[in-house]
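Trainee: Pasting run-v4.txt below, which is compact mmCIF, C-alpha atoms and all ligand atoms.
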```txt
# COMPACT_ATOMS: atom_id res chain seq x y z
CA MET A 1364 -17.89 3.05 41.08
CA ARG A 1365 -14.43 1.49 41.26
CA ASN A 1366 -15.49 -1.40 39.05
CA ARG A 1367 -16.69 1.06 36.43
CA ILE A 1368 -13.34 2.82 36.38
CA VAL A 1369 -11.58 -0.52 35.94
CA ILE A 1370 -13.93 -1.44 33.09
CA PHE A 1371 -13.35 1.92 31.39
CA CYS A 1372 -9.59 1.45 31.70
CA LEU A 1373 -9.79 -2.06 30.21
CA MET A 1374 -11.93 -0.79 27.36
CA GLY A 1375 -9.40 1.97 26.67
CA LEU A 1376 -6.56 -0.53 26.66
CA PHE A 1377 -8.45 -2.82 24.30
CA LEU A 1378 -9.29 -0.01 21.88
CA SER A 1379 -5.76 1.40 21.79
CA THR A 1380 -4.32 -2.09 21.19
CA ALA A 1381 -6.81 -2.65 18.36
CA MET A 1382 -5.82 0.70 16.85
CA VAL A 1383 -2.10 -0.13 17.01
CA PHE A 1384 -2.78 -3.38 15.15
CA ALA A 1385 -4.90 -1.63 12.55
CA GLN A 1386 -2.18 0.98 12.07
CA GLY A 1387 0.53 -1.68 11.81
CA LYS A 1388 -1.05 -2.97 8.61
CA GLY A 1389 -1.52 0.52 7.20
CA ALA A 1390 -4.62 1.83 5.50
CA LYS A 1391 -6.93 -0.48 3.58
CA GLN A 1392 -6.82 1.78 0.55
CA ILE A 1393 -4.23 4.49 -0.19
CA ASN A 1394 -4.31 7.38 -2.62
CA LEU A 1395 -0.93 7.64 -4.37
CA HIS A 1396 0.32 10.67 -6.26
CA GLY A 1397 0.69 9.86 -9.96
CA GLY A 1398 1.82 13.19 -11.40
CA LYS A 1399 0.24 14.35 -14.66
CA GLN A 1400 -1.04 10.85 -15.34
CA GLY A 1401 -3.48 11.17 -12.42
CA ASP A 1402 -3.60 9.64 -8.95
CA ILE A 1403 -3.79 5.94 -8.13
CA THR A 1404 -6.27 4.35 -5.76
CA PHE A 1405 -4.09 1.59 -4.37
CA PRO A 1406 -5.81 -1.39 -2.69
CA HIS A 1407 -3.21 -1.91 0.06
CA HIS A 1408 -4.82 -4.68 2.14
CA MET A 1409 -5.81 -6.63 -0.96
CA HIS A 1410 -2.09 -6.76 -1.76
CA HIS A 1411 -1.34 -8.12 1.72
CA THR A 1412 -3.26 -11.22 0.71
CA VAL A 1413 -1.74 -11.62 -2.77
CA VAL A 1414 1.83 -10.60 -1.82
CA ASN A 1415 2.87 -12.52 1.27
CA ASP A 1416 5.97 -10.44 2.02
CA CYS A 1417 5.60 -6.77 3.04
CA MET A 1418 9.21 -6.15 1.97
CA VAL A 1419 8.44 -6.77 -1.71
CA CYS A 1420 7.26 -3.14 -1.63
CA HIS A 1421 8.57 -1.78 1.66
CA LYS A 1422 12.23 -2.52 0.92
CA ASP A 1423 12.01 0.70 -1.10
CA PHE A 1424 10.24 2.96 1.44
CA PRO A 1425 9.24 2.77 5.13
CA GLN A 1426 5.82 1.70 6.44
CA GLU A 1427 4.68 5.26 7.09
CA PRO A 1428 1.97 7.44 5.54
CA GLY A 1429 3.40 9.51 2.69
CA ALA A 1430 6.67 7.55 2.67
CA LEU A 1431 6.60 6.70 -1.03
CA GLN A 1432 6.30 10.34 -2.08
CA ALA A 1433 8.87 11.39 0.56
CA SER A 1434 11.40 8.88 -0.84
CA LYS A 1435 10.84 10.30 -4.33
CA ASP A 1436 11.21 13.86 -3.04
CA SER A 1437 14.50 13.02 -1.29
CA GLY A 1438 15.83 11.26 -4.37
CA ALA A 1439 16.06 7.85 -2.64
CA LEU A 1440 13.60 6.60 -5.27
CA LYS A 1441 13.48 7.82 -8.86
CA LYS A 1442 10.20 8.91 -10.39
CA LYS A 1443 8.31 5.86 -11.73
CA GLN A 1444 10.90 3.51 -10.20
CA MET A 1445 8.36 1.92 -7.86
CA MET A 1446 5.78 1.78 -10.65
CA ASN A 1447 8.09 0.10 -13.18
CA LYS A 1448 10.35 -2.03 -10.99
CA THR A 1449 7.77 -3.27 -8.48
CA CYS A 1450 4.09 -2.69 -9.35
CA LEU A 1451 4.19 -3.22 -13.12
CA LYS A 1452 6.93 -5.83 -12.94
CA CYS A 1453 4.86 -8.10 -10.72
CA HIS A 1454 1.65 -7.58 -12.68
CA ARG A 1455 3.43 -8.33 -16.00
CA ASP A 1456 5.32 -11.36 -14.69
CA ARG A 1457 2.11 -12.83 -13.33
CA LYS A 1458 0.25 -12.15 -16.56
CA LYS A 1459 2.99 -14.02 -18.46
CA ALA A 1460 2.84 -16.89 -15.96
CA GLY A 1461 -0.93 -17.17 -16.46
CA LYS A 1462 -1.71 -16.21 -12.84
CA PRO A 1463 -4.26 -13.60 -11.67
CA TYR A 1464 -2.64 -10.19 -12.21
CA GLY A 1465 -3.21 -6.49 -11.63
CA PRO A 1466 -3.51 -3.68 -14.22
CA VAL A 1467 -0.76 -3.37 -16.86
CA ARG A 1468 -2.31 -0.43 -18.75
CA CYS A 1469 -1.94 3.19 -17.58
CA SER A 1470 -5.65 3.74 -17.04
CA GLY A 1471 -5.91 0.56 -14.96
CA CYS A 1472 -4.05 2.35 -12.15
CA HIS A 1473 -4.11 6.10 -12.92
CA ILE A 1474 -7.44 7.90 -12.66
CA ARG A 1475 -7.73 11.28 -14.35
C1 LIG B 1501 2.25 -4.11 -3.17
C2 LIG B 1501 2.99 -3.18 -2.37
C3 LIG B 1501 2.84 -3.18 -0.87
C4 LIG B 1501 2.85 -4.27 -0.04
C5 LIG B 1501 3.05 -5.74 -0.39
C6 LIG B 1501 2.69 -3.75 1.31
N1 LIG B 1501 2.58 -2.39 1.27
FE1 LIG B 1501 2.34 -1.13 2.88
N2 LIG B 1501 2.29 0.47 1.63
C7 LIG B 1501 2.40 0.42 0.25
C8 LIG B 1501 2.25 1.76 -0.29
C9 LIG B 1501 2.33 2.15 -1.75
C10 LIG B 1501 2.05 2.62 0.82
C11 LIG B 1501 1.81 4.13 0.81
C12 LIG B 1501 3.01 4.93 1.16
C13 LIG B 1501 2.70 6.38 1.04
O1 LIG B 1501 1.68 6.84 1.56
O2 LIG B 1501 3.50 7.11 0.43
C14 LIG B 1501 2.08 1.77 2.01
C15 LIG B 1501 1.94 2.25 3.33
C16 LIG B 1501 2.00 1.47 4.46
C17 LIG B 1501 1.90 1.97 5.82
C18 LIG B 1501 1.77 3.43 6.23
C19 LIG B 1501 0.40 3.79 6.67
C20 LIG B 1501 -0.52 4.06 5.56
O3 LIG B 1501 -1.60 3.49 5.62
O4 LIG B 1501 -0.18 4.82 4.63
C21 LIG B 1501 1.98 0.90 6.67
C22 LIG B 1501 1.92 0.91 8.18
C23 LIG B 1501 2.15 -0.29 5.83
N3 LIG B 1501 2.15 0.10 4.51
C24 LIG B 1501 2.28 -1.57 6.31
C25 LIG B 1501 2.41 -2.70 5.51
C26 LIG B 1501 2.52 -4.06 6.03
C27 LIG B 1501 2.53 -4.43 7.51
C28 LIG B 1501 2.62 -4.89 4.94
C29 LIG B 1501 2.69 -6.40 4.92
C30 LIG B 1501 1.65 -7.11 5.64
C31 LIG B 1501 2.58 -4.06 3.75
N4 LIG B 1501 2.43 -2.74 4.13
C32 LIG B 1501 2.66 -4.54 2.45
C33 LIG B 1501 2.63 -0.70 -0.51
C34 LIG B 1501 2.67 -2.00 -0.05
C1 LIG B 1502 0.22 -1.01 -11.65
C2 LIG B 1502 -0.19 0.37 -11.54
C3 LIG B 1502 0.36 1.37 -12.54
C4 LIG B 1502 0.26 1.33 -13.91
C5 LIG B 1502 -0.38 0.25 -14.78
C6 LIG B 1502 0.86 2.54 -14.40
N1 LIG B 1502 1.31 3.28 -13.33
FE1 LIG B 1502 2.24 5.14 -13.42
N2 LIG B 1502 2.48 5.13 -11.40
C7 LIG B 1502 2.07 4.12 -10.55
C8 LIG B 1502 2.51 4.43 -9.20
C9 LIG B 1502 2.28 3.58 -7.97
C10 LIG B 1502 3.20 5.68 -9.26
C11 LIG B 1502 3.88 6.45 -8.12
C12 LIG B 1502 5.19 5.81 -7.75
C13 LIG B 1502 6.31 6.02 -8.72
O1 LIG B 1502 6.53 7.16 -9.19
O2 LIG B 1502 7.02 5.03 -9.05
C14 LIG B 1502 3.15 6.10 -10.66
C15 LIG B 1502 3.67 7.29 -11.14
C16 LIG B 1502 3.54 7.73 -12.44
C17 LIG B 1502 3.93 9.05 -12.91
C18 LIG B 1502 4.42 10.20 -12.01
C19 LIG B 1502 5.89 10.23 -11.81
C20 LIG B 1502 6.23 11.51 -11.06
O3 LIG B 1502 6.67 11.44 -9.92
O4 LIG B 1502 6.03 12.59 -11.62
C21 LIG B 1502 3.67 9.11 -14.25
C22 LIG B 1502 3.90 10.30 -15.17
C23 LIG B 1502 3.15 7.80 -14.64
N3 LIG B 1502 3.09 6.99 -13.50
C24 LIG B 1502 2.80 7.44 -15.91
C25 LIG B 1502 2.29 6.19 -16.29
C26 LIG B 1502 2.00 5.78 -17.68
C27 LIG B 1502 2.22 6.67 -18.89
C28 LIG B 1502 1.51 4.50 -17.62
C29 LIG B 1502 1.12 3.58 -18.78
C30 LIG B 1502 2.17 3.32 -19.75
C31 LIG B 1502 1.47 4.10 -16.21
N4 LIG B 1502 1.96 5.16 -15.45
C32 LIG B 1502 1.00 2.88 -15.74
C33 LIG B 1502 1.33 3.00 -10.89
C34 LIG B 1502 1.02 2.60 -12.18
C1 LIG B 1503 4.24 -9.14 -6.13
C2 LIG B 1503 3.07 -8.84 -6.92
C3 LIG B 1503 2.40 -7.49 -6.90
C4 LIG B 1503 2.96 -6.25 -6.65
C5 LIG B 1503 4.38 -5.93 -6.24
C6 LIG B 1503 1.91 -5.28 -6.86
N1 LIG B 1503 0.75 -5.90 -7.22
FE1 LIG B 1503 -1.02 -4.96 -7.73
N2 LIG B 1503 -1.89 -6.78 -7.93
C7 LIG B 1503 -1.27 -8.01 -7.83
C8 LIG B 1503 -2.22 -9.06 -8.11
C9 LIG B 1503 -1.92 -10.56 -8.10
C10 LIG B 1503 -3.45 -8.42 -8.38
C11 LIG B 1503 -4.78 -9.07 -8.78
C12 LIG B 1503 -5.45 -9.75 -7.65
C13 LIG B 1503 -6.72 -10.42 -8.12
O1 LIG B 1503 -7.46 -9.82 -8.91
O2 LIG B 1503 -6.94 -11.53 -7.68
C14 LIG B 1503 -3.21 -6.99 -8.26
C15 LIG B 1503 -4.20 -6.02 -8.48
C16 LIG B 1503 -3.97 -4.65 -8.48
C17 LIG B 1503 -4.97 -3.65 -8.78
C18 LIG B 1503 -6.41 -3.91 -9.19
C19 LIG B 1503 -7.31 -4.05 -8.01
C20 LIG B 1503 -8.74 -4.33 -8.41
O3 LIG B 1503 -9.60 -4.05 -7.58
O4 LIG B 1503 -8.97 -4.82 -9.51
C21 LIG B 1503 -4.37 -2.42 -8.68
C22 LIG B 1503 -4.99 -1.05 -8.90
C23 LIG B 1503 -2.98 -2.67 -8.32
N3 LIG B 1503 -2.77 -4.04 -8.21
C24 LIG B 1503 -2.04 -1.69 -8.13
C25 LIG B 1503 -0.72 -1.93 -7.70
C26 LIG B 1503 0.23 -0.88 -7.40
C27 LIG B 1503 -0.02 0.61 -7.52
C28 LIG B 1503 1.36 -1.51 -6.99
C29 LIG B 1503 2.68 -0.88 -6.54
C30 LIG B 1503 2.60 0.09 -5.47
C31 LIG B 1503 1.13 -2.95 -7.05
N4 LIG B 1503 -0.14 -3.16 -7.49
C32 LIG B 1503 2.09 -3.91 -6.71
C33 LIG B 1503 0.06 -8.23 -7.55
C34 LIG B 1503 1.01 -7.25 -7.25
```
Represent the structure from my file as structure tokens, please.
Mentor:
Amino acid sequence: MRNRIVIFCLMGLFLSTAMVFAQGKGAKQINLHGGKQGDITFPHHMHHTVVNDCMVCHKDFPQEPGALQASKDSGALKKKQMMNKTCLKCHRDRKKAGKPYGPVRCSGCHIR
């Protein structure tokens, strides 16, 4: 009986640790609010592999669910600032440099 309790406790510890790690990286895919242009299905984890520094994006807003929209609502970020200065900027620069790049046209990101 005692051994079982110990095993259950260890399993609980393992699962909660795994969940903390999964949460630390954020969601695999995130739906972002895109106003009248339509929402964006953002492949978050895919960007972890192509952008090796979290701060390229997270210098502008914290690593918390809803933080991008919250920063826009508070005025810390202007509307479309993230889109133009970070997302599109990187995609365009990489296109120019002849490297693999993400969408540069509205409909490549926004889904109506
Ligand atoms: C290309 C841009 C970009 C990069 C690079 C990036 N993130 Fe994010 N991250 C986002 C966006 C956008 C959100 C969504 C914020 C929101 O919900 O408003 C987000 C949200 C999160 C969240 C909040 C939980 C969630 O799933 O919404 C966590 C945690 C997080 N990121 C961790 C990381 C870590 C750790 C790295 C580096 C390994 C990283 N991010 C790299 C753009 C990025
Ligand atoms: C690389 C992906 C990407 C592309 C391409 C893109 N957008 Fe966006 N757009 C975003 C993201 C992410 C947001 C939310 C963050 C922000 O406002 O900066 C956004 C937000 C918006 C908003 C909402 C602003 C608000 O808060 O009301 C509008 C309107 C918009 N985009 C229009 C456009 C138009 C028009 C084009 C084409 C010329 C375009 N977008 C191309 C990613 C993209
Ligand atoms: C520092 C560079 C960089 C930044 C910043 C960046 N991206 Fe990307 N993104 C890429 C690259 C590189 C690819 C293409 C990867 C590939 O196809 O190999 C990509 C691909 C994409 C794709 C296409 C995914 C697919 O399945 O085809 C979307 C959508 C996208 N990015 C949206 C965004 C949004 C929204 C932001 C801002 C929140 C953003 N990206 C910020 C580099 C970046």
Trainee: Counting only C-alpha atoms and all ligand atoms, which of A:Thr1449, A:Gln1392, A:Gln1432, A:Ser1470 gets nearest to ligand LIG 1503 (chain B)?
Mentor: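 Of the candidates, the smallest distance to ligand LIG 1503 (chain B) is held by A:Thr1449.
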Trainee: Out of A:Gly1429, A:Gly1389, A:Gly1397, A:Gly1465, which residue has the shortest atom-to-atom distance to Cys1450 of chain A when counting all atoms listed in the file?
Mentor: A:Gly1465
Trainee: Nearest to ligand LIG 1503 (chain B) among A:Ala1433, A:Cys1453, A:Leu1440, A:Met1409, with distances taken over only C-alpha atoms and all ligand atoms: which residue is it?
Mentor: A:Cys1453
Trainee: With only C-alpha atoms and all ligand atoms as the basis for distance, which of A:Lys1443, A:Lys1422, A:Lys1448, A:Lys1459 is at the shortest distance from ligand LIG 1502 (chain B)?
Mentor: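 Closest to ligand LIG 1502 (chain B) of all the choices is A:Lys1443.
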Trainee: Between A:Val1413, A:Ile1474, A:Cys1469, A:Met1418, which is the closest to ligand LIG 1503 (chain B) once you count all atoms listed in the file?
Mentor: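 For ligand LIG 1503 (chain B), the nearest of the candidates is A:Val1413.
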Trainee: Give me, as a short mmCIF file (atom, residue, chain, number, x, y, z; two decimals) with C-alpha atoms, keeping the file's coordinate frame, the set of residues whose atoms come within 9 Å of any atom of ligand LIG 1503 (chain B), counting all atoms listed in the file.
Mentor:
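Below is the file pocket-v7.cif, written as the result:
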```cif
data_model
loop_
_atom_site.label_atom_id
_atom_site.label_comp_id
_atom_site.auth_asym_id
_atom_site.auth_seq_id
_atom_site.Cartn_x
_atom_site.Cartn_y
_atom_site.Cartn_z
CA LEU A 1395 -0.93 7.64 -4.37
CA ILE A 1403 -3.79 5.94 -8.13
CA THR A 1404 -6.27 4.35 -5.76
CA PHE A 1405 -4.09 1.59 -4.37
CA PRO A 1406 -5.81 -1.39 -2.69
CA HIS A 1407 -3.21 -1.91 0.06
CA MET A 1409 -5.81 -6.63 -0.96
CA HIS A 1410 -2.09 -6.76 -1.76
CA THR A 1412 -3.26 -11.22 0.71
CA VAL A 1413 -1.74 -11.62 -2.77
CA VAL A 1414 1.83 -10.60 -1.82
CA ASN A 1415 2.87 -12.52 1.27
CA ASP A 1416 5.97 -10.44 2.02
CA VAL A 1419 8.44 -6.77 -1.71
CA CYS A 1420 7.26 -3.14 -1.63
CA LEU A 1431 6.60 6.70 -1.03
CA MET A 1445 8.36 1.92 -7.86
CA MET A 1446 5.78 1.78 -10.65
CA ASN A 1447 8.09 0.10 -13.18
CA LYS A 1448 10.35 -2.03 -10.99
CA THR A 1449 7.77 -3.27 -8.48
CA CYS A 1450 4.09 -2.69 -9.35
CA LEU A 1451 4.19 -3.22 -13.12
CA LYS A 1452 6.93 -5.83 -12.94
CA CYS A 1453 4.86 -8.10 -10.72
CA HIS A 1454 1.65 -7.58 -12.68
CA ASP A 1456 5.32 -11.36 -14.69
CA ARG A 1457 2.11 -12.83 -13.33
CA LYS A 1458 0.25 -12.15 -16.56
CA LYS A 1462 -1.71 -16.21 -12.84
CA PRO A 1463 -4.26 -13.60 -11.67
CA TYR A 1464 -2.64 -10.19 -12.21
CA GLY A 1465 -3.21 -6.49 -11.63
CA PRO A 1466 -3.51 -3.68 -14.22
CA VAL A 1467 -0.76 -3.37 -16.86
CA GLY A 1471 -5.91 0.56 -14.96
CA CYS A 1472 -4.05 2.35 -12.15
CA HIS A 1473 -4.11 6.10 -12.92
#
```
Trainee: With only C-alpha atoms and all ligand atoms as the atoms that count, which of A:Lys1435, A:Arg1367, A:His1408, A:Lys1391 lies nearest to ligand LIG 1502 (chain B)?
Mentor: A:Lys1435
